[in-house]
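**Student:** Dropping in coords_16.txt, which is compact mmCIF, C-alpha atoms:
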```
# COMPACT_ATOMS: atom_id res chain seq x y z
CA MET A 26 -0.42 -39.54 -23.58
CA THR A 27 -2.95 -39.15 -26.44
CA ASP A 28 -1.71 -37.45 -29.62
CA LEU A 29 -4.24 -35.10 -31.23
CA THR A 30 -4.13 -33.27 -34.57
CA THR A 31 -6.29 -30.34 -35.72
CA PRO A 32 -9.04 -30.12 -36.80
CA LEU A 33 -10.45 -32.04 -33.84
CA SER A 34 -13.41 -34.14 -34.97
CA ALA A 35 -16.71 -34.09 -33.07
CA ASP A 36 -16.02 -37.64 -31.86
CA ILE A 37 -12.59 -36.76 -30.51
CA ARG A 38 -13.90 -33.63 -28.77
CA LYS A 39 -16.71 -35.67 -27.24
CA ASN A 40 -14.39 -38.32 -25.85
CA LEU A 41 -11.72 -36.12 -24.23
CA ARG A 42 -11.90 -36.16 -20.43
CA ALA A 43 -10.73 -33.50 -17.95
CA GLY A 44 -7.33 -34.39 -16.52
CA MET A 45 -6.11 -36.30 -19.59
CA SER A 46 -2.59 -35.48 -20.78
CA VAL A 47 -2.46 -34.97 -24.55
CA THR A 48 -0.20 -33.53 -27.21
CA LEU A 49 -1.59 -31.29 -29.93
CA SER A 50 -0.28 -30.86 -33.48
CA GLY A 51 -1.63 -28.64 -36.26
CA THR A 52 -2.95 -25.10 -36.63
CA VAL A 53 -3.78 -22.75 -33.75
CA TYR A 54 -4.37 -18.95 -33.67
CA THR A 55 -3.00 -16.75 -30.88
CA ALA A 56 -5.27 -14.09 -29.43
CA ARG A 57 -5.34 -12.51 -25.98
CA ASP A 58 -6.86 -9.43 -24.32
CA ALA A 59 -6.46 -6.70 -26.96
CA ALA A 60 -7.05 -9.00 -29.97
CA HIS A 61 -10.26 -10.28 -28.34
CA ALA A 62 -11.49 -6.73 -27.81
CA ARG A 63 -10.96 -6.05 -31.53
CA LEU A 64 -12.53 -9.32 -32.68
CA TYR A 65 -15.55 -8.52 -30.52
CA GLU A 66 -15.93 -5.09 -32.14
CA MET A 67 -15.59 -6.59 -35.63
CA ILE A 68 -18.26 -9.21 -34.87
CA ARG A 69 -20.62 -6.52 -33.52
CA ASN A 70 -20.08 -4.47 -36.68
CA GLY A 71 -20.60 -7.49 -38.92
CA GLU A 72 -17.08 -7.26 -40.38
CA ALA A 73 -15.14 -10.22 -41.81
CA LEU A 74 -12.74 -11.69 -39.24
CA PRO A 75 -9.02 -12.23 -39.94
CA PHE A 76 -9.46 -16.02 -39.60
CA GLU A 77 -12.32 -18.51 -39.74
CA VAL A 78 -13.40 -19.06 -36.13
CA SER A 79 -15.61 -22.06 -36.91
CA GLY A 80 -13.60 -25.27 -36.61
CA SER A 81 -10.51 -23.47 -35.27
CA GLY A 82 -8.66 -23.25 -31.99
CA ILE A 83 -7.45 -20.15 -30.12
CA TYR A 84 -4.33 -20.05 -27.96
CA TYR A 85 -4.38 -17.33 -25.27
CA ALA A 86 -0.76 -16.27 -25.68
CA GLY A 87 1.53 -13.33 -26.44
CA PRO A 88 5.09 -14.43 -27.20
CA CYS A 89 8.36 -12.62 -26.57
CA PRO A 90 9.78 -10.74 -29.61
CA ASP A 91 11.25 -12.90 -32.39
CA MET A 92 14.82 -14.08 -31.82
CA PRO A 93 17.19 -14.62 -34.73
CA GLY A 94 17.36 -18.27 -35.75
CA ARG A 95 14.17 -19.36 -33.98
CA VAL A 96 10.63 -19.92 -35.30
CA ILE A 97 9.15 -18.18 -32.27
CA ASN A 98 10.42 -16.95 -28.91
CA SER A 99 9.07 -18.01 -25.49
CA CYS A 100 5.30 -18.53 -25.85
CA GLY A 101 3.40 -19.89 -22.83
CA PRO A 102 -0.30 -19.48 -22.02
CA THR A 103 -1.91 -16.49 -20.30
CA THR A 104 -4.75 -16.51 -17.74
CA SER A 105 -7.97 -17.64 -19.42
CA SER A 106 -10.44 -16.02 -17.03
CA ARG A 107 -9.65 -12.58 -18.49
CA MET A 108 -11.28 -13.78 -21.72
CA ASN A 109 -14.43 -15.09 -19.93
CA ALA A 110 -16.46 -12.26 -21.45
CA TYR A 111 -15.58 -13.28 -25.02
CA ALA A 112 -15.24 -17.08 -24.94
CA PRO A 113 -18.95 -18.10 -24.96
CA MET A 114 -19.63 -16.03 -28.10
CA LEU A 115 -16.64 -17.57 -29.90
CA TYR A 116 -17.59 -21.12 -28.89
CA ASP A 117 -21.12 -20.39 -30.16
CA MET A 118 -19.57 -19.35 -33.49
CA GLY A 119 -18.12 -22.84 -33.81
CA LEU A 120 -14.72 -22.49 -32.11
CA HIS A 121 -13.54 -26.02 -31.36
CA PHE A 122 -11.10 -25.32 -28.55
CA VAL A 123 -9.20 -22.80 -26.50
CA ILE A 124 -5.79 -23.20 -24.89
CA GLY A 125 -4.98 -21.12 -21.81
CA LYS A 126 -4.35 -21.55 -18.12
CA GLY A 127 -6.43 -21.46 -14.94
CA PRO A 128 -10.15 -21.89 -14.23
CA VAL A 129 -12.89 -20.38 -16.43
CA SER A 130 -16.38 -19.12 -15.52
CA PRO A 131 -19.54 -21.26 -15.34
CA GLU A 132 -20.78 -19.42 -18.47
CA VAL A 133 -17.71 -20.55 -20.41
CA ARG A 134 -18.18 -24.12 -19.20
CA GLU A 135 -21.82 -24.06 -20.32
CA ALA A 136 -20.74 -22.83 -23.76
CA ILE A 137 -18.20 -25.67 -23.99
CA VAL A 138 -20.92 -28.24 -23.19
CA ARG A 139 -23.45 -26.59 -25.54
CA ASN A 140 -21.00 -26.74 -28.46
CA ASN A 141 -19.25 -30.07 -27.79
CA ALA A 142 -16.04 -28.07 -27.47
CA VAL A 143 -13.01 -28.31 -25.20
CA TYR A 144 -10.72 -26.15 -23.08
CA PHE A 145 -7.09 -27.24 -22.81
CA ALA A 146 -4.62 -25.97 -20.22
CA ALA A 147 -0.99 -25.53 -21.10
CA VAL A 148 1.48 -25.33 -18.23
CA GLY A 149 1.70 -21.68 -17.20
CA GLY A 150 5.26 -20.39 -17.42
CA ALA A 151 6.51 -23.19 -19.67
CA GLY A 152 7.15 -20.67 -22.45
CA ALA A 153 10.46 -22.05 -23.74
CA LEU A 154 9.20 -25.66 -23.76
CA ILE A 155 6.07 -24.76 -25.74
CA ALA A 156 8.04 -22.58 -28.18
CA SER A 157 10.30 -25.55 -28.90
CA HIS A 158 7.19 -27.45 -30.13
CA ILE A 159 6.07 -24.69 -32.53
CA ILE A 160 7.36 -25.29 -36.07
CA GLU A 161 5.74 -22.39 -37.92
CA ALA A 162 4.53 -18.91 -36.93
CA GLN A 163 2.95 -16.30 -39.16
CA LEU A 164 1.49 -12.89 -38.37
CA VAL A 165 -2.19 -12.83 -39.40
CA ALA A 166 -3.68 -9.60 -38.03
CA PHE A 167 -3.22 -6.53 -35.81
CA PRO A 168 0.60 -6.16 -36.11
CA ASP A 169 0.34 -2.89 -34.16
CA LEU A 170 -0.56 -4.95 -31.08
CA GLY A 171 2.96 -6.41 -30.93
CA ALA A 172 2.93 -9.44 -28.62
CA GLU A 173 -0.88 -9.32 -28.69
CA ALA A 174 -1.17 -9.61 -32.50
CA ILE A 175 -2.96 -12.62 -33.97
CA ARG A 176 -0.51 -15.27 -35.22
CA ARG A 177 -1.15 -18.56 -36.97
CA LEU A 178 1.01 -21.22 -35.32
CA THR A 179 1.75 -24.77 -36.33
CA PHE A 180 2.10 -26.99 -33.28
CA ASP A 181 4.16 -30.15 -33.23
CA HIS A 182 3.16 -32.23 -30.19
CA VAL A 183 2.60 -29.36 -27.73
CA PRO A 184 1.92 -30.96 -24.32
CA LEU A 185 -1.49 -29.99 -22.87
CA ILE A 186 -4.01 -31.16 -20.29
CA VAL A 187 -7.74 -31.35 -20.92
CA ALA A 188 -8.99 -28.70 -18.48
CA VAL A 189 -12.75 -28.62 -19.26
CA ASP A 190 -14.29 -31.41 -21.30
CA SER A 191 -17.48 -31.55 -23.41
CA ARG A 192 -19.46 -32.73 -20.35
CA GLY A 193 -18.39 -29.67 -18.38
CA SER A 194 -16.03 -31.48 -15.99
CA SER A 195 -13.00 -29.45 -14.98
CA VAL A 196 -9.51 -30.42 -13.84
CA TYR A 197 -9.70 -27.41 -11.51
CA ASP A 198 -12.69 -28.71 -9.51
CA ARG A 199 -11.80 -29.87 -6.01
CA MET B 9 31.08 11.41 -0.44
CA ARG B 10 31.44 8.73 -3.13
CA ASN B 11 30.47 9.55 -6.69
CA ILE B 12 28.71 7.06 -8.98
CA GLU B 13 28.12 7.82 -12.65
CA ALA B 14 24.60 7.36 -13.98
CA ALA B 15 26.02 5.33 -16.90
CA GLU B 16 27.35 2.75 -14.44
CA ILE B 17 23.85 2.33 -13.02
CA THR B 18 22.33 1.94 -16.49
CA ALA B 19 24.83 -0.82 -17.34
CA ALA B 20 24.12 -2.60 -14.05
CA VAL B 21 20.31 -2.45 -14.46
CA LYS B 22 20.57 -3.72 -18.03
CA SER B 23 22.68 -6.69 -17.06
CA LEU B 24 20.46 -7.52 -14.04
CA PHE B 25 17.28 -7.65 -16.17
CA LEU B 26 18.98 -9.66 -18.91
CA GLU B 27 20.01 -12.16 -16.25
CA ALA B 28 16.78 -12.20 -14.23
CA CYS B 29 14.30 -12.36 -17.13
CA ARG B 30 15.81 -15.52 -18.62
CA MET B 31 15.70 -17.87 -15.66
CA PRO B 32 14.43 -18.19 -12.09
CA GLY B 33 17.02 -18.65 -9.34
CA ALA B 34 18.60 -21.93 -8.22
CA ASP B 35 16.37 -21.93 -5.12
CA VAL B 36 13.27 -22.02 -7.37
CA LEU B 37 14.63 -24.75 -9.63
CA ASP B 38 15.51 -26.87 -6.58
CA ALA B 39 12.02 -26.32 -5.19
CA ILE B 40 10.41 -27.42 -8.47
CA LYS B 41 12.58 -30.56 -8.53
CA ASN B 42 11.65 -31.31 -4.95
CA ALA B 43 7.94 -30.82 -5.63
CA TYR B 44 8.16 -33.06 -8.71
CA GLU B 45 9.78 -35.86 -6.74
CA ASN B 46 7.22 -35.71 -3.94
CA GLU B 47 4.02 -35.03 -5.91
CA THR B 48 1.66 -38.00 -6.33
CA CYS B 49 -1.23 -36.31 -8.20
CA ALA B 50 -0.67 -37.30 -11.85
CA PRO B 51 -1.62 -34.10 -13.78
CA ALA B 52 0.30 -31.91 -11.29
CA LYS B 53 3.34 -34.18 -11.48
CA GLU B 54 3.23 -33.98 -15.28
CA GLY B 55 3.05 -30.17 -15.06
CA LEU B 56 6.07 -30.07 -12.74
CA ARG B 57 7.96 -32.38 -15.12
CA GLN B 58 7.26 -29.90 -17.92
CA LEU B 59 8.61 -27.04 -15.78
CA LEU B 60 11.90 -28.87 -15.27
CA LEU B 61 12.11 -29.54 -19.00
CA ASN B 62 11.21 -25.90 -19.66
CA ALA B 63 14.13 -24.71 -17.52
CA ARG B 64 16.50 -26.99 -19.44
CA ILE B 65 15.25 -25.74 -22.83
CA ALA B 66 15.39 -22.10 -21.70
CA LYS B 67 19.01 -22.62 -20.66
CA GLU B 68 19.98 -24.31 -23.93
CA THR B 69 18.16 -21.92 -26.28
CA HIS B 70 18.49 -18.63 -24.32
CA MET B 71 14.73 -18.14 -24.69
CA PRO B 72 13.18 -16.65 -21.54
CA TYR B 73 11.80 -19.32 -19.14
CA CYS B 74 8.43 -17.51 -19.32
CA GLN B 75 7.20 -15.16 -22.04
CA ASP B 76 5.83 -12.77 -19.41
CA THR B 77 9.10 -11.02 -18.69
CA GLY B 78 7.13 -8.71 -16.48
CA MET B 79 6.91 -5.12 -15.44
CA ALA B 80 10.36 -4.02 -14.28
CA VAL B 81 10.36 -3.58 -10.50
CA VAL B 82 13.60 -2.17 -9.12
CA PHE B 83 14.65 -1.86 -5.48
CA ILE B 84 17.48 0.56 -4.77
CA GLU B 85 19.28 0.87 -1.46
CA ILE B 86 21.34 4.00 -1.68
CA GLY B 87 23.98 4.85 0.89
CA GLN B 88 23.62 8.33 2.36
CA ASP B 89 27.27 9.02 1.45
CA VAL B 90 26.69 8.43 -2.26
CA HIS B 91 26.34 11.12 -4.91
CA ILE B 92 24.97 10.21 -8.34
CA SER B 93 26.16 12.16 -11.39
CA GLY B 94 23.07 12.43 -13.56
CA SER B 95 19.45 11.37 -13.02
CA LEU B 96 19.08 8.10 -11.11
CA GLU B 97 15.56 7.53 -12.39
CA ASP B 98 16.56 8.14 -16.01
CA ALA B 99 19.57 5.85 -15.57
CA VAL B 100 17.38 3.00 -14.29
CA ASN B 101 14.82 3.40 -17.08
CA ALA B 102 17.60 3.50 -19.69
CA GLY B 103 18.90 0.18 -18.33
CA VAL B 104 15.43 -1.37 -18.50
CA ARG B 105 14.94 -0.09 -22.06
CA GLU B 106 18.27 -1.54 -23.24
CA ALA B 107 17.70 -4.91 -21.58
CA TYR B 108 14.19 -5.43 -23.01
CA ASP B 109 15.26 -4.20 -26.43
CA THR B 110 18.48 -6.17 -26.88
CA GLY B 111 17.34 -9.26 -24.96
CA TYR B 112 14.21 -10.04 -27.03
CA LEU B 113 12.15 -9.63 -23.86
CA ARG B 114 8.43 -8.91 -24.08
CA LYS B 115 7.34 -5.29 -23.75
CA SER B 116 4.24 -5.53 -21.57
CA VAL B 117 3.91 -1.99 -20.22
CA LEU B 118 1.21 0.39 -21.40
CA ASN B 119 -0.95 3.38 -20.52
CA PRO B 120 -3.61 2.03 -18.12
CA ILE B 121 -6.48 3.92 -19.75
CA SER B 122 -5.66 4.17 -23.46
CA ARG B 123 -3.88 0.75 -23.36
CA LYS B 124 -1.23 2.17 -25.69
CA ASN B 125 2.05 0.28 -25.25
CA THR B 126 5.20 2.28 -24.40
CA ASN B 127 7.09 -0.25 -26.58
CA ASP B 128 10.21 -0.37 -24.42
CA ASN B 129 8.83 -1.75 -21.12
CA THR B 130 9.46 1.53 -19.30
CA PRO B 131 8.74 3.11 -16.95
CA ALA B 132 10.08 0.83 -14.23
CA VAL B 133 8.50 0.77 -10.78
CA ILE B 134 11.35 1.98 -8.55
CA HIS B 135 11.51 1.77 -4.76
CA TYR B 136 14.25 3.69 -2.95
CA ASP B 137 15.63 3.11 0.53
CA ILE B 138 18.25 5.37 2.02
CA VAL B 139 20.72 3.43 4.15
CA SER B 140 24.01 4.18 5.90
CA GLY B 141 27.35 3.91 4.10
CA ASP B 142 28.52 4.62 0.57
CA GLY B 143 27.21 1.58 -1.30
CA LEU B 144 24.45 1.31 -3.89
CA LYS B 145 22.52 -1.94 -4.05
CA ILE B 146 20.23 -2.57 -7.01
CA SER B 147 17.76 -5.46 -7.15
CA ALA B 148 15.85 -6.25 -10.35
CA ALA B 149 12.58 -8.13 -9.99
CA PRO B 150 10.63 -8.50 -13.25
CA LYS B 151 7.02 -9.13 -12.18
CA GLY B 152 4.58 -11.13 -14.26
CA PHE B 153 0.93 -10.18 -13.98
CA GLY B 154 -0.69 -13.63 -13.97
CA SER B 155 0.31 -13.71 -10.32
CA GLU B 156 0.22 -9.95 -9.66
CA ASN B 157 -3.46 -9.86 -10.68
CA MET B 158 -4.38 -12.33 -7.93
CA SER B 159 -2.86 -10.17 -5.17
CA ARG B 160 -5.08 -8.52 -2.58
CA ILE B 161 -5.07 -6.09 0.31
CA ALA B 162 -7.55 -5.79 3.17
CA MET B 163 -7.94 -3.20 5.88
CA LEU B 164 -9.08 -5.62 8.60
CA LYS B 165 -10.50 -4.56 11.95
CA PRO B 166 -8.41 -4.92 15.11
CA SER B 167 -11.06 -7.36 16.38
CA ASP B 168 -10.32 -9.66 13.43
CA GLY B 169 -6.96 -10.44 15.04
CA LEU B 170 -4.59 -13.23 14.10
CA SER B 171 -7.38 -15.54 12.98
CA GLY B 172 -8.64 -12.80 10.64
CA ILE B 173 -5.16 -12.47 9.14
CA LYS B 174 -4.93 -16.22 8.52
CA SER B 175 -8.45 -16.34 7.02
CA PHE B 176 -7.67 -13.49 4.64
CA VAL B 177 -4.53 -15.23 3.36
CA ILE B 178 -6.40 -18.53 2.89
CA GLU B 179 -9.37 -16.83 1.20
CA SER B 180 -6.98 -15.00 -1.15
CA VAL B 181 -5.44 -18.34 -2.13
CA LYS B 182 -8.87 -19.91 -2.73
CA ALA B 183 -9.89 -16.96 -4.91
CA ALA B 184 -6.62 -17.16 -6.88
CA GLY B 185 -6.91 -20.93 -7.39
CA GLY B 186 -4.89 -22.20 -10.35
CA SER B 187 -4.55 -18.79 -12.04
CA PRO B 188 -1.31 -17.33 -10.59
CA CYS B 189 0.88 -20.15 -12.03
CA PRO B 190 1.41 -22.22 -8.89
CA PRO B 191 3.69 -23.39 -7.33
CA VAL B 192 3.87 -19.85 -5.96
CA VAL B 193 5.70 -17.86 -3.32
CA ILE B 194 3.27 -15.83 -1.23
CA GLY B 195 4.45 -12.53 0.26
CA VAL B 196 2.39 -11.22 3.17
CA GLY B 197 2.56 -7.79 4.78
CA ILE B 198 0.90 -7.22 8.14
CA GLY B 199 0.45 -3.76 9.67
CA GLY B 200 1.78 -0.33 8.73
CA THR B 201 -0.42 1.78 6.48
CA PHE B 202 -2.13 0.87 3.18
CA GLU B 203 0.96 1.41 1.01
CA LYS B 204 3.53 0.23 3.58
CA CYS B 205 1.66 -3.05 3.94
CA ALA B 206 1.63 -3.73 0.18
CA LEU B 207 5.32 -2.86 -0.15
CA MET B 208 6.23 -5.22 2.70
CA ALA B 209 4.40 -8.06 0.94
CA LYS B 210 6.22 -7.28 -2.32
CA LYS B 211 9.65 -7.16 -0.66
CA GLN B 212 9.08 -10.56 0.90
CA LEU B 213 9.03 -12.05 -2.61
CA LEU B 214 12.77 -11.30 -2.88
CA ARG B 215 13.62 -13.68 -0.03
CA GLU B 216 15.26 -16.97 -0.94
CA ILE B 217 12.98 -20.00 -0.77
CA GLY B 218 13.85 -21.92 2.38
CA SER B 219 15.21 -18.88 4.23
CA VAL B 220 14.04 -18.69 7.84
CA ASN B 221 12.26 -15.59 9.13
CA PRO B 222 14.42 -14.01 11.88
CA ASP B 223 11.24 -13.40 13.93
CA PRO B 224 10.37 -16.77 15.57
CA PHE B 225 6.65 -15.99 15.75
CA LEU B 226 6.46 -15.05 12.06
CA ALA B 227 8.60 -18.09 11.17
CA GLY B 228 5.98 -20.29 12.87
CA LEU B 229 3.13 -18.47 11.14
CA GLU B 230 4.86 -18.93 7.76
CA ALA B 231 5.17 -22.69 8.32
CA GLU B 232 1.56 -22.99 9.50
CA LEU B 233 0.11 -21.05 6.55
CA LYS B 234 2.24 -22.92 4.00
CA ASN B 235 0.98 -26.19 5.43
CA ASP B 236 -2.66 -25.06 5.47
CA ILE B 237 -2.45 -23.69 1.91
CA ASN B 238 -0.91 -26.87 0.49
CA ALA B 239 -3.55 -28.93 2.33
CA LEU B 240 -6.27 -27.17 0.29
CA GLY B 241 -5.35 -29.52 -2.58
CA ILE B 242 -5.37 -26.85 -5.32
CA GLY B 243 -1.88 -27.96 -6.26
CA ALA B 244 0.70 -27.12 -8.90
CA MET B 245 -0.93 -25.42 -11.95
CA GLY B 246 -4.22 -25.86 -10.05
CA PHE B 247 -4.23 -29.50 -11.22
CA GLY B 248 -4.54 -30.90 -7.68
CA GLY B 249 -2.08 -32.32 -5.14
CA GLY B 250 0.00 -30.73 -2.41
CA SER B 251 2.43 -28.47 -4.29
CA TYR B 252 0.58 -25.12 -4.39
CA CYS B 253 3.16 -23.00 -2.61
CA PHE B 254 6.90 -23.19 -2.13
CA ALA B 255 6.90 -20.67 0.69
CA VAL B 256 4.92 -18.06 2.61
CA HIS B 257 7.10 -15.07 3.52
CA ILE B 258 5.76 -12.60 6.07
CA SER B 259 6.81 -9.16 7.24
CA ALA B 260 5.13 -7.17 10.01
CA TYR B 261 5.29 -3.51 11.07
CA PRO B 262 3.52 -1.54 13.81
CA THR B 263 0.15 -0.13 12.80
CA HIS B 264 -2.50 2.29 14.11
CA ILE B 265 -4.78 1.50 17.08
CA ALA B 266 -7.75 1.53 14.68
CA GLY B 267 -6.33 -0.73 11.98
CA LEU B 268 -5.00 -4.09 10.82
CA PRO B 269 -3.87 -3.92 7.18
CA VAL B 270 -2.96 -7.23 5.49
CA ALA B 271 -1.55 -7.57 1.97
CA VAL B 272 -1.05 -10.78 0.00
CA ASN B 273 1.23 -10.65 -3.04
CA PHE B 274 1.50 -13.73 -5.28
CA GLN B 275 4.68 -14.68 -7.10
CA CYS B 276 4.48 -17.38 -9.80
CA HIS B 277 7.10 -20.13 -10.06
CA ALA B 278 9.00 -17.90 -12.49
CA ALA B 279 10.31 -16.10 -9.37
CA ARG B 280 13.05 -14.05 -10.96
CA HIS B 281 15.35 -11.57 -9.30
CA ALA B 282 18.96 -10.49 -9.40
CA SER B 283 20.99 -8.04 -7.32
CA ILE B 284 24.29 -6.21 -7.45
CA THR B 285 26.08 -3.84 -5.10
CA LEU B 286 28.08 -1.10 -6.77
```
Kindly present the structure from the file in C-alpha cells form.
**Tutor:**
Amino acid sequence: MTDLTTPLSADIRKNLRAGMSVTLSGTVYTARDAAHARLYEMIRNGEALPFEVSGSGIYYAGPCPDMPGRVINSCGPTTSSRMNAYAPMLYDMGLHFVIGKGPVSPEVREAIVRNNAVYFAAVGGAGALIASHIIEAQLVAFPDLGAEAIRRLTFDHVPLIVAVDSRGSSVYDR
Amino acid sequence: MRNIEAAEITAAVKSLFLEACRMPGADVLDAIKNAYENETCAPAKEGLRQLLLNARIAKETHMPYCQDTGMAVVFIEIGQDVHISGSLEDAVNAGVREAYDTGYLRKSVLNPISRKNTNDNTPAVIHYDIVSGDGLKISAAPKGFGSENMSRIAMLKPSDGLSGIKSFVIESVKAAGGSPCPPVVIGVGIGGTFEKCALMAKKQLLREIGSVNPDPFLAGLEAELKNDINALGIGAMGFGGGSYCFAVHISAYPTHIAGLPVAVNFQCHAARHASITL
C-alpha cells in the first residue's frame, strides 16, 4: 500500500500504475452531476470558479446529510462515466486527479495521458468506511444542490485503487 | 373486513426504511465474506475486504452502508378483506418522508426534467398486489441508481429463443461492466408484456441470495448464467476475478405469440430490503 498526499507531484502521477492500492491524504473537492453542469456553464461564460481546478482533485460524490457528532455522513463514490462529457475539459485545465468508480470513456483516458493525470477508483458502496477517513468537510459552493453541493474535504488515508494511470492503462481492461 | 389505520402504515414504512437503508441483509454480508475468502485477484480481494470493513463501520457508527440510500420502492400485498382508514398512498409517502428526514438519509429524488429536488425523497414508487386474506404485507426496497442505470429491457423475437435470452443477459452484463457496484444480484424477467417483464425482474431482487427457484428449469438457467457471468472475469468492483455476481434470479410469465420480452435489473451489493406483515 503506497501512501499519497495532495498535491500529487508530476513524478508521483507519472509513476502510479493501474491496479495499485494506495491511500490518499489531503484536500479533495466533491462534485457530481449537477455541480459539473454548473461548473461547465461558468467556464463557458468565463466566470471565476469556486475553487482552483489546476493542481486539484475532484471526488465524484454526494454524501448523506450531516449527522450530529460526525465530520461527514456516508460518502462513497458515484459512477464516473456520467461525468465523461466534462472530465477531459477539467483535466485540460490542470486537474491532477479524479476519484470515482467504474470505467471511463476513451476520451477521458486520452485526456489523462495528455495531462500526466490519474483516475482513482474508490470502492463503490463503501460510504461509511470512506467517511471514517474524512477529517474535515466544508461547504464551498452551490448549497442549494444539497448532496450535490461542492465540498472541500480533508482525507486521512482514504483507500483507493489506481484505475487509469498516466500511460492510459486501466484496471477495468480485460 | 379488517380495518387498518393509515397512521399504522406510516409508522411501519418509516421503520422499514430506517432499517433497510442502513445495512444490507445477512445474506448479502455472508456472500461478501464468502467472495472475499475465495477471491484470488488482488485488487478485487482488497475491494471485498473494504466492503466487510465498511459493514462493520456502518454498524458501529450508524452511518448508512452506502450514501445512495436510493429511491424508495415499496411493494404492498393487500388482503382483499382489508379496509384502510385514510389514503394508503399518502400514508406510504409520509413514512418515506419521516424516515429520510429523521434518519439522515440522502434525498435523491427530483423532477426528471427540471432536476429540482423534492427534498424529502418522495414520491415513492409503489407496487400493489391484491391477495386473499386480511393481512397487509409491506416490503421496503431502497434502490440505488448506480445499478438501476445499468438495467435494460429488450423485446426479442420469438426466433431468438433461449439462446437469445442468454445472450441478452450476458451482453447487458458486459455493457454494465464495473459500473453497477459489483458483486451484484441480477434480476431477470422473461415474458409477459413490456411492463410486466420489468416488474418481474425487479421483484426477483427481493429474493434471498442462495434461495432456490421453485421452477427446476429456471433454477438450472440461474446457475448456468451465474457461472457464465462470473467467468467473464469482470469481477468485484470491475477489478477482475470471479466475484461479479452473487446470484441470478429469474421469473417467467406467459407472453404473446409474437413476442419475447426480457428485462435485466441490476442490484448492487448494497442489496437492502425489509418487510413486515401488519
**Student:** What's the 8 Å shell around Val270 of chain B, counting only C-alpha atoms, without same-chain residues fewer than 4 positions away, as an mmCIF file with C-alpha atoms, keeping the file's coordinate frame?
**Tutor:**
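For reference, selection27.cif as written:
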```cif
data_model
loop_
_atom_site.group_PDB
_atom_site.id
_atom_site.type_symbol
_atom_site.label_atom_id
_atom_site.label_comp_id
_atom_site.auth_asym_id
_atom_site.auth_seq_id
_atom_site.Cartn_x
_atom_site.Cartn_y
_atom_site.Cartn_z
ATOM 1 C CA ILE B 161 -5.070 -6.090 0.310
ATOM 2 C CA ALA B 162 -7.550 -5.790 3.170
ATOM 3 C CA MET B 163 -7.940 -3.200 5.880
ATOM 4 C CA LEU B 164 -9.080 -5.620 8.600
ATOM 5 C CA ILE B 173 -5.160 -12.470 9.140
ATOM 6 C CA PHE B 176 -7.670 -13.490 4.640
ATOM 7 C CA VAL B 196 2.390 -11.220 3.170
ATOM 8 C CA GLY B 197 2.560 -7.790 4.780
ATOM 9 C CA ILE B 198 0.900 -7.220 8.140
ATOM 10 C CA GLY B 199 0.450 -3.760 9.670
ATOM 11 C CA CYS B 205 1.660 -3.050 3.940
ATOM 12 C CA ALA B 206 1.630 -3.730 0.180
#
```
**Student:** Return as a Markdown table the residues of chain B lying at most 8 Å from chain A, together with the closest atom-to-atom pair for each and the distance in Å to one decimal, counting only C-alpha atoms, with rows in chain order and ascending residue number.
**Tutor:**
```
| residue | atom | partner | partner_atom | distance |
| --- | --- | --- | --- | --- |
| B:Pro51 | CA | A:Gly44 | CA | 6.3 |
| B:Gly55 | CA | A:Val148 | CA | 6.0 |
| B:Gln58 | CA | A:Ala151 | CA | 7.0 |
| B:Leu59 | CA | A:Ala151 | CA | 5.9 |
| B:Leu61 | CA | A:Leu154 | CA | 6.8 |
| B:Asn62 | CA | A:Leu154 | CA | 4.6 |
| B:Ala63 | CA | A:Ala153 | CA | 7.7 |
| B:Ile65 | CA | A:Ala153 | CA | 6.1 |
| B:Ala66 | CA | A:Ala153 | CA | 5.3 |
| B:Met71 | CA | A:Ser99 | CA | 5.7 |
| B:Pro72 | CA | A:Ser99 | CA | 5.9 |
| B:Tyr73 | CA | A:Ala153 | CA | 5.5 |
| B:Cys74 | CA | A:Gly152 | CA | 4.6 |
| B:Gln75 | CA | A:Ser99 | CA | 4.8 |
| B:Asp76 | CA | A:Cys89 | CA | 7.6 |
| B:Tyr112 | CA | A:Pro90 | CA | 5.2 |
| B:Leu113 | CA | A:Cys89 | CA | 5.5 |
| B:Arg114 | CA | A:Cys89 | CA | 4.5 |
| B:Lys115 | CA | A:Ala172 | CA | 7.8 |
| B:Gly154 | CA | A:Thr104 | CA | 6.2 |
| B:Gly185 | CA | A:Gly127 | CA | 7.6 |
| B:Gly186 | CA | A:Gly127 | CA | 4.9 |
| B:Ser187 | CA | A:Gly127 | CA | 4.4 |
| B:Pro188 | CA | A:Gly127 | CA | 7.9 |
| B:Cys189 | CA | A:Gly149 | CA | 5.5 |
| B:Gly241 | CA | A:Arg199 | CA | 7.3 |
| B:Ile242 | CA | A:Arg199 | CA | 7.1 |
| B:Met245 | CA | A:Val148 | CA | 6.7 |
| B:Gly246 | CA | A:Tyr197 | CA | 5.9 |
| B:Phe247 | CA | A:Tyr197 | CA | 5.9 |
| B:Gly248 | CA | A:Tyr197 | CA | 7.3 |
| B:His277 | CA | A:Gly150 | CA | 7.6 |
| B:Ala278 | CA | A:Gly150 | CA | 6.7 |
```
**Student:** Using all atoms listed in the file, pick whichever of A:Ala166, A:Leu115, A:Tyr144, A:Ser79 has the shortest atom-to-atom distance to Tyr65 of chain A.
**Tutor:**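 Checking each of A:Ala166, A:Leu115, A:Tyr144, A:Ser79 against Tyr65 of chain A, counting all atoms listed in the file, the winner is A:Leu115.
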**Student:** Name the closest residue to Ser81 of chain A among the candidates A:Thr179, A:Asn141, A:Thr52, A:Thr30; distances are taken between atoms, counting all atoms listed in the file.
**Tutor:** A:Thr52
**Student:** Find the residues near Asp190 of chain A: any atom within 12 Å, counting all atoms listed in the file, skip ones fewer than 4 places away on the same chain, and give them as number ranges by chain.
**Tutor:** A: 37-45, 121-123, 133-146, 186, 194-197
**Student:** Atom CA of Leu213 of chain B and atom CA of His257 of chain B, how far apart in Å?
**Tutor:**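 Straight-line distance from atom CA of His257 of chain B to atom CA of Leu213 of chain B works out to 7.1 Å.
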**Student:** Nearest to Leu164 of chain A: which of A:Val189, A:Met26, A:Leu74, A:Leu178 is it, counting all atoms listed in the file?
**Tutor:**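 Looking only at the distances to Leu164 of chain A, the closest residue turns out to be A:Leu178.
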**Student:** Could you jot down the atom CA of Asp36 of chain A to atom CA of Pro131 of chain A separation for me, Å, one decimal place?
**Tutor:** 23.5 Å
